[in-house]
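Presented below is the structure to which this report refers.
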Amino acid sequence: MRSEGEEERKNATIDSRFNQTLRNVQGLLKGRSFPGKVLITRRSDPLDNSTMRSPDNHGSLRDSETGPSQQSDGSVEDELQSRNNLNASPSASQEKSSTSNSENTSNEVQKPSIGSRATDSARLMKFTKELSATTVILEKLRELAWNGVPSYFRPNIWRLLLGYAPPNSDRREGVLRRKRLDYLDCVAQYYDIQDIERTDEEINMLRQIAVDCPRTVPDVSFFQQAQVQKSLERILYIWAIRHPASGYVQGINDLATPFLVVFLSEHVEGSIDNWMMSDLPSEKISDIEADCYWCLSKLLDGMQDHYTFAQPGIQRLVFKLKELVRRIDEPVSTHMEEQGLEFLQFAFRWFNCLLIREIPFHLVTRLWDTYLAEGDALPDFLVYIAASFLLTWSDKLLKLDFQEMVMFLQHLPTHNWSHSELEMVLSRAYMWHAMFNSSPSHLVS
């Protein structure tokens with residue numbers, strides 16, 4: 001009887017710990033504070049691509065998604081002024097809130113919503129201050145960017161975070177110009193040649209890339225444009241030629257897409273559904289491709305063994321994920337093991353494509369703000385993001401058998417996700433990272 005009682009107490013402790021973790025995260029959405037850099041409040045308007053959790057400010061922080069297409073002169077001052085006007089019009093905000101909530105709920109969230117807009121302006125000013133410095137302090141920029149980057153600033157910030165553009169503003173233009181010329185030289189040397197000048201291996205690799213490009217992000221019409229696919233083909237082929245240790249590996253094509261969209265956004269207006277890459281002059285297309293190529297190279301430099309033979313880096317992350325899930329949610333871990341489901345069967349693709357195929361594409365750039373802000377620590381943090389992502393459906397998984405779990409995890413119901421769901425995944429990942437990363441013995445069998 002004593003052993004049974006101890007087992008019951010052990011199970012109760014595990015359940016209590018996990019339930020408390022979930023309650024802590026759920027508390028984020030109710031405005032409760034959380035150790036670290038996260039504090040989220042309820043608001044009437046939906047979260048969008050720039051939802052942020054600031055380590056310095058309280059309240060929900062939602063930076064502007066306004067890009068060049070929505071600003072008459074592209075100036076940050078206009079953006080700040082428009083937000084100040086919003087702050088001066090509480091009645092308009094109340095009217096918006098009442099359309100989606102009851103009157104009581106509208107009144108409840110009204111003040112946080114207005115306050116958050118005031119903080120948005122302050123946050124934009126922080127980004128502006130960091131970027132206008134003669135030498136950008138990357139640690140400060142990472143701290144700001146982790147919580148999301150306004151689309152207007154994203155191209156420049158991504159270049160800086162990846163080390164493609166130098167922190168010193170006096171050197172930046174010259175370095176980018178030289179790197180873009182280097183890319184042009186690579187295109188002439190490796191791509192713009194006849195097949196007779198290629199090896200059989202290079203011909204086969206180029207053919208595989210040509211097959212994969214039309215399959216890339218198939219649900220976004222922009223990526224079905226011939227010019228977009230040709231640009232992807234050039235970027236991927238040159239990267240593969242210059243990185244013979246891995247060559248081209250399926251999945252790398254997905255990793256180039258966020259860069260292509262972000263750097264193209266500097267030159268086009270409106271929604272991605274209306275972008276036409278063929279309308280741009282060849283010089284602009286070349287610059288965009290060069291930026292994509294160099295940033296993709298910088299990203300993959302930090303995870304080289306993810307794409308070498310047998311992809312040992314990814315296998316290592318899958319093993320860590322299995323151990324982490326076992327520590328966080330033992331019932332789910334045990335159920336998956338009893339059903340014979342191996343983590344490699346679903347998590348390999350998650351790490352191989354950095355979750356791009358698992359969430360709606362309009363959320364990818366926000367997720368990548370956090371990825372790039374993590375810097376060299378990204379591979380480690382990916383494990384916590386994957387655990388948080390998986391355990392979003394912990395209750396559901398406990399009810400499924402092997403075949404049902406395989407089908408469910410291959411077709412996760414994320415197509416209607418908004419930024420609030422993504423922020424929840426990142427919040428849990430941050431919390432679990434704080435809990436477990438400083439205690440690695442917790443993750444040892």
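Each chain of the structure tokens is named A, B, ... in the order shown, its residues numbered from 1; ligands are numbered from 1 in display order.
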
Give me the residues near A:Leu176 as a VMD selection string, where near means some atom within 9 Å (using only C-alpha atoms) and where sequence neighbours in that chain fewer than 6 positions away do not count. chain A and resid 164 to 166 291

Could you write out the selected residues, including N, CA, C and O atoms, as a CSV table (one decimal), in the first residue's frame?
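selection_1.csv, written as the output of this step:
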```csv
chain,number,residue,atom,x,y,z
A,164,TYR,N,25.7,39.6,-41.5
A,164,TYR,CA,25.9,39.9,-42.9
A,164,TYR,C,26.3,41.4,-43.1
A,164,TYR,O,27.2,41.7,-43.8
A,165,ALA,N,25.5,42.2,-42.5
A,165,ALA,CA,25.9,43.7,-42.5
A,165,ALA,C,26.6,44.0,-41.2
A,165,ALA,O,26.3,43.5,-40.1
A,166,PRO,N,27.7,44.8,-41.3
A,166,PRO,CA,28.5,45.1,-40.1
A,166,PRO,C,27.8,46.0,-39.2
A,166,PRO,O,27.0,46.9,-39.6
A,291,ASP,N,21.4,39.1,-51.0
A,291,ASP,CA,21.1,39.2,-49.6
A,291,ASP,C,20.6,37.9,-49.0
A,291,ASP,O,20.9,37.4,-47.9
```

All residues 8 Å or closer to A:Trp239, only C-alpha atoms, same chain fewer than 3 positions away omitted, as a VMD selection string: chain A and resid 235 to 236 242 to 243 247 to 248 293 297

From a DSSP calculation on the backbone, collect every residue of stretch 364-430 of chain A in helix (DSSP H, G or I) and output the set as number ranges by chain. A: 364-397, 402-410, 419-430

With only C-alpha atoms as the atoms that count, which of A:Leu400, A:Ile209, A:Trp146, A:Phe259 lies nearest to A:Leu341? A:Leu400

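Atom CA of A:Phe408 to atom CA of A:Leu255 spans 23.7 Å [interatomic distance, one decimal].
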
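The coordinates place atom CA of A:Arg159 at 28.0 Å from atom CA of A:Pro312.
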
Would you mind listing what lies within 10 Å of A:Ala210 as number ranges by chain, with only C-alpha atoms counted and same-chain residues fewer than 2 positions away left out? A: 204-208, 212-215, 229-230, 232-234, 236-237

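Around A:Leu412, within 10 Å and counting only C-alpha atoms, the residues found are Glu358, Ile359, Leu390 and Trp393 of chain A, once anything fewer than 6 positions away on its own chain is removed.
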
Could you turn the residues from that selection into a file that holds all heavy atoms, as a PDB file, in the first residue's frame?
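Generated file (result-v6.pdb):
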```
ATOM      1  N   GLU A 358       4.884  23.761 -40.913  1.00  0.00           N
ATOM      2  CA  GLU A 358       3.893  23.399 -39.901  1.00  0.00           C
ATOM      3  C   GLU A 358       2.965  24.545 -39.524  1.00  0.00           C
ATOM      4  O   GLU A 358       1.945  24.322 -38.873  1.00  0.00           O
ATOM      5  CB  GLU A 358       4.596  22.895 -38.626  1.00  0.00           C
ATOM      6  CG  GLU A 358       5.763  21.957 -38.858  1.00  0.00           C
ATOM      7  CD  GLU A 358       5.434  20.779 -39.754  1.00  0.00           C
ATOM      8  OE1 GLU A 358       4.320  20.231 -39.640  1.00  0.00           O
ATOM      9  OE2 GLU A 358       6.308  20.397 -40.583  1.00  0.00           O
ATOM     10  N   ILE A 359       3.304  25.773 -39.893  1.00  0.00           N
ATOM     11  CA  ILE A 359       2.477  26.922 -39.520  1.00  0.00           C
ATOM     12  C   ILE A 359       2.160  27.742 -40.764  1.00  0.00           C
ATOM     13  O   ILE A 359       2.851  27.644 -41.775  1.00  0.00           O
ATOM     14  CB  ILE A 359       3.179  27.816 -38.473  1.00  0.00           C
ATOM     15  CG1 ILE A 359       4.475  28.410 -39.036  1.00  0.00           C
ATOM     16  CG2 ILE A 359       3.453  27.026 -37.191  1.00  0.00           C
ATOM     17  CD1 ILE A 359       5.155  29.407 -38.102  1.00  0.00           C
ATOM     18  N   LEU A 390       4.626  20.852 -29.830  1.00  0.00           N
ATOM     19  CA  LEU A 390       4.021  19.527 -29.710  1.00  0.00           C
ATOM     20  C   LEU A 390       2.984  19.479 -28.588  1.00  0.00           C
ATOM     21  O   LEU A 390       1.866  18.975 -28.783  1.00  0.00           O
ATOM     22  CB  LEU A 390       5.111  18.487 -29.445  1.00  0.00           C
ATOM     23  CG  LEU A 390       4.632  17.059 -29.130  1.00  0.00           C
ATOM     24  CD1 LEU A 390       3.947  16.438 -30.347  1.00  0.00           C
ATOM     25  CD2 LEU A 390       5.804  16.194 -28.681  1.00  0.00           C
ATOM     26  N   TRP A 393      -0.962  20.279 -28.161  1.00  0.00           N
ATOM     27  CA  TRP A 393      -2.039  19.302 -28.358  1.00  0.00           C
ATOM     28  C   TRP A 393      -1.890  18.100 -27.415  1.00  0.00           C
ATOM     29  O   TRP A 393      -2.206  16.973 -27.784  1.00  0.00           O
ATOM     30  CB  TRP A 393      -2.040  18.822 -29.814  1.00  0.00           C
ATOM     31  CG  TRP A 393      -2.296  19.926 -30.780  1.00  0.00           C
ATOM     32  CD1 TRP A 393      -3.488  20.466 -31.140  1.00  0.00           C
ATOM     33  CD2 TRP A 393      -1.313  20.644 -31.539  1.00  0.00           C
ATOM     34  NE1 TRP A 393      -3.326  21.473 -32.051  1.00  0.00           N
ATOM     35  CE2 TRP A 393      -1.990  21.605 -32.328  1.00  0.00           C
ATOM     36  CE3 TRP A 393       0.074  20.568 -31.630  1.00  0.00           C
ATOM     37  CZ2 TRP A 393      -1.339  22.480 -33.183  1.00  0.00           C
ATOM     38  CZ3 TRP A 393       0.738  21.455 -32.474  1.00  0.00           C
ATOM     39  CH2 TRP A 393       0.041  22.383 -33.239  1.00  0.00           C
TER      40      TRP A 393
END
```

Report the distance between atom CA of A:Val406 and atom CA of A:Arg327 in Å, rounded to one decimal place. 21.9 Å

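Residue nearest A:Ser151, chosen from A:Arg198, A:Arg366, A:Arg123, A:Arg428 and counting only C-alpha atoms: A:Arg366.
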
Env of A:Lys322: 10 Å cut, atoms = only C-alpha atoms, seq-sep filter 2 positions within chain, self excluded. Answer as a list in words. Leu317, Val318, Phe319, Lys320, Leu324, Val325, Arg326, Arg327, Ser333, Glu342, Phe343, Leu344, Ala347, Val383, Ala387 and Leu443 of chain A

Hey, can you spit out that residue selection with N, CA and C atoms as a PDB file, in the first residue's frame?
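Once written, selection-v7.pdb looks like this:
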```pdb
ATOM      1  N   LEU A 317      19.011  16.795 -32.007  1.00  0.00           N
ATOM      2  CA  LEU A 317      17.915  17.625 -31.517  1.00  0.00           C
ATOM      3  C   LEU A 317      16.664  16.790 -31.248  1.00  0.00           C
ATOM      4  N   VAL A 318      16.401  15.808 -32.106  1.00  0.00           N
ATOM      5  CA  VAL A 318      15.228  14.945 -31.909  1.00  0.00           C
ATOM      6  C   VAL A 318      15.358  14.167 -30.602  1.00  0.00           C
ATOM      7  N   PHE A 319      16.554  13.677 -30.320  1.00  0.00           N
ATOM      8  CA  PHE A 319      16.780  12.955 -29.061  1.00  0.00           C
ATOM      9  C   PHE A 319      16.552  13.880 -27.860  1.00  0.00           C
ATOM     10  N   LYS A 320      17.068  15.100 -27.943  1.00  0.00           N
ATOM     11  CA  LYS A 320      16.878  16.057 -26.850  1.00  0.00           C
ATOM     12  C   LYS A 320      15.404  16.400 -26.667  1.00  0.00           C
ATOM     13  N   LEU A 324      13.199  16.009 -23.308  1.00  0.00           N
ATOM     14  CA  LEU A 324      12.544  17.180 -22.732  1.00  0.00           C
ATOM     15  C   LEU A 324      11.052  16.937 -22.542  1.00  0.00           C
ATOM     16  N   VAL A 325      10.398  16.353 -23.546  1.00  0.00           N
ATOM     17  CA  VAL A 325       8.977  16.062 -23.424  1.00  0.00           C
ATOM     18  C   VAL A 325       8.718  15.075 -22.295  1.00  0.00           C
ATOM     19  N   ARG A 326       9.631  14.127 -22.129  1.00  0.00           N
ATOM     20  CA  ARG A 326       9.474  13.159 -21.036  1.00  0.00           C
ATOM     21  C   ARG A 326       9.506  13.849 -19.679  1.00  0.00           C
ATOM     22  N   ARG A 327      10.339  14.879 -19.547  1.00  0.00           N
ATOM     23  CA  ARG A 327      10.430  15.602 -18.279  1.00  0.00           C
ATOM     24  C   ARG A 327       9.248  16.545 -18.069  1.00  0.00           C
ATOM     25  N   SER A 333       4.517  11.522 -23.084  1.00  0.00           N
ATOM     26  CA  SER A 333       5.710  10.763 -23.470  1.00  0.00           C
ATOM     27  C   SER A 333       5.467   9.259 -23.364  1.00  0.00           C
ATOM     28  N   GLU A 342       7.800   6.987 -32.808  1.00  0.00           N
ATOM     29  CA  GLU A 342       9.134   7.538 -32.647  1.00  0.00           C
ATOM     30  C   GLU A 342       9.128   9.028 -32.989  1.00  0.00           C
ATOM     31  N   PHE A 343       9.866   9.803 -32.221  1.00  0.00           N
ATOM     32  CA  PHE A 343       9.921  11.241 -32.458  1.00  0.00           C
ATOM     33  C   PHE A 343      10.489  11.561 -33.837  1.00  0.00           C
ATOM     34  N   LEU A 344      11.375  10.707 -34.339  1.00  0.00           N
ATOM     35  CA  LEU A 344      11.935  10.943 -35.668  1.00  0.00           C
ATOM     36  C   LEU A 344      10.858  10.965 -36.748  1.00  0.00           C
ATOM     37  N   ALA A 347       9.279  14.792 -35.832  1.00  0.00           N
ATOM     38  CA  ALA A 347      10.103  15.935 -35.437  1.00  0.00           C
ATOM     39  C   ALA A 347      11.265  16.179 -36.389  1.00  0.00           C
ATOM     40  N   VAL A 383      14.810  23.142 -29.615  1.00  0.00           N
ATOM     41  CA  VAL A 383      14.253  21.990 -28.897  1.00  0.00           C
ATOM     42  C   VAL A 383      13.081  22.424 -28.030  1.00  0.00           C
ATOM     43  N   ALA A 387       9.121  21.402 -28.380  1.00  0.00           N
ATOM     44  CA  ALA A 387       8.385  20.812 -27.261  1.00  0.00           C
ATOM     45  C   ALA A 387       7.111  21.598 -26.988  1.00  0.00           C
ATOM     46  N   LEU A 443      17.644  16.657 -17.917  1.00  0.00           N
ATOM     47  CA  LEU A 443      17.435  16.109 -19.237  1.00  0.00           C
ATOM     48  C   LEU A 443      18.350  14.916 -19.493  1.00  0.00           C
TER      49      LEU A 443
END
```

Determine the nearest neighbour of A:Ala122 from the options A:Ile314, A:Val425, A:Ala290, A:Leu144, counting only C-alpha atoms. A:Leu144
